[in-house]
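Engineer: Sharing my_file-v5.cif below, mmCIF, C-alpha atoms:
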data_upload
loop_
_atom_site.label_atom_id
_atom_site.label_comp_id
_atom_site.auth_asym_id
_atom_site.auth_seq_id
_atom_site.Cartn_x
_atom_site.Cartn_y
_atom_site.Cartn_z
CA MET A 1 10.95 6.08 -20.48
CA GLU A 2 13.03 7.61 -17.69
CA ILE A 3 11.22 9.05 -14.68
CA PRO A 4 12.78 12.33 -13.44
CA MET A 5 13.91 12.38 -9.81
CA THR A 6 12.34 14.75 -7.31
CA PRO A 7 14.77 17.49 -6.28
CA ARG A 8 16.51 16.48 -3.05
CA ARG A 9 18.84 18.05 -0.54
CA GLN A 10 21.52 16.17 1.32
CA ILE A 11 21.65 16.23 5.10
CA GLN A 12 24.03 14.71 7.60
CA LEU A 13 22.18 12.46 10.02
CA ARG A 14 23.59 11.09 13.26
CA LEU A 15 21.82 8.03 14.60
CA PRO A 16 22.27 6.01 17.79
CA GLU A 17 23.98 2.71 17.06
CA ASP A 18 20.89 0.60 17.77
CA LEU A 19 18.76 2.66 15.38
CA LYS A 20 21.43 2.47 12.68
CA GLU A 21 21.49 -1.33 13.01
CA TRP A 22 17.69 -1.47 12.81
CA LEU A 23 17.79 0.73 9.72
CA GLU A 24 20.36 -1.54 8.07
CA GLN A 25 18.18 -4.58 8.83
CA GLN A 26 15.05 -2.94 7.44
CA ALA A 27 16.82 -1.91 4.25
CA ALA A 28 18.20 -5.44 3.75
CA GLN A 29 14.82 -7.03 4.50
CA ASN A 30 12.99 -4.74 2.07
CA GLY A 31 15.67 -4.76 -0.63
CA SER A 32 16.00 -0.99 -0.43
CA SER A 33 18.53 1.62 0.57
CA GLN A 34 18.84 3.04 4.05
CA ASN A 35 17.93 6.41 2.57
CA SER A 36 14.68 4.96 1.18
CA GLU A 37 13.87 3.48 4.58
CA ILE A 38 14.38 6.85 6.28
CA ILE A 39 12.14 8.56 3.72
CA ARG A 40 9.46 5.88 4.18
CA ALA A 41 9.53 6.22 7.97
CA VAL A 42 9.35 10.02 7.90
CA ARG A 43 6.53 10.00 5.34
CA GLU A 44 4.54 7.46 7.39
CA ARG A 45 4.91 9.65 10.47
CA ALA A 46 3.94 12.80 8.56
CA THR A 47 0.86 11.05 7.18
CA ARG A 48 -0.22 9.88 10.66
CA MET A 49 0.18 13.38 12.04
CA GLN A 50 -1.81 14.92 9.17
CA GLU A 51 -4.58 12.35 9.65
CA SER A 52 -4.78 13.02 13.38
CA VAL A 53 -5.07 16.78 12.76
CA ALA A 54 -7.81 16.19 10.17
CA THR A 55 -9.98 14.20 12.61
#
As structure tokens, how would this structure be written, given the file I've shared?

Structural biologist:
Amino acid sequence: MEIPMTPRRQIQLRLPEDLKEWLEQQAAQNGSSQNSEIIRAVRERATRMQESVAT
């Protein structure tokens, strides 16, 4: 059974070289895409912010 993808919008993202290298390393280490790593990082930050507002 195929799982439908969530609608997504493309953005252009400019990163400092050191952050881009870190992102590449994280993606390789986790066997994922750089895009997935960006989504994970943003979601983790959003979750932390929501939790701090809730407390």

Engineer: Rank A:Ala54, A:Ile38, A:Met5, A:Arg45 by their smallest atom-to-atom distance to Lys20 in chain A, using all atoms listed in the file, and report the top residue only.

Structural biologist: A:Ile38

Engineer: Report, in Å with one decimal, the straight-line distance from CA of Thr55 in chain A to CA of Arg40 in chain A.

Structural biologist: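 So the two atoms, CA of Thr55 in chain A and CA of Arg40 in chain A, lie 22.8 Å apart.
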
Engineer: Translate the PyMOL selection byres ((chain A and resi 34) around 12) into a concrete residue list for this structure, as a PyMOL selection string.

Structural biologist: chain A and resi 13+19-33+35-41

Engineer: Separation of CA of Leu15 in chain A and CA of Glu51 in chain A, in Å?

Structural biologist: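 Calculated distance between CA of Leu15 in chain A and CA of Glu51 in chain A is 27.2 Å.
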
Engineer: Could you work out how far CA of Val42 in chain A lies from CA of Ile11 in chain A, giving the answer in Å with one decimal?

Structural biologist: 14.1 Å

Engineer: Around all the atoms of range 30-42 of chain A listed in the file, with 4 Å of room on each side, what axis-aligned box do you get, giving centre and edge lengths in Å to one decimal, as AutoDock Vina command-line options?

Structural biologist:
--center_x 14.1 --center_y 2.6 --center_z 3.7 --size_x 17.5 --size_y 22.8 --size_z 16.6
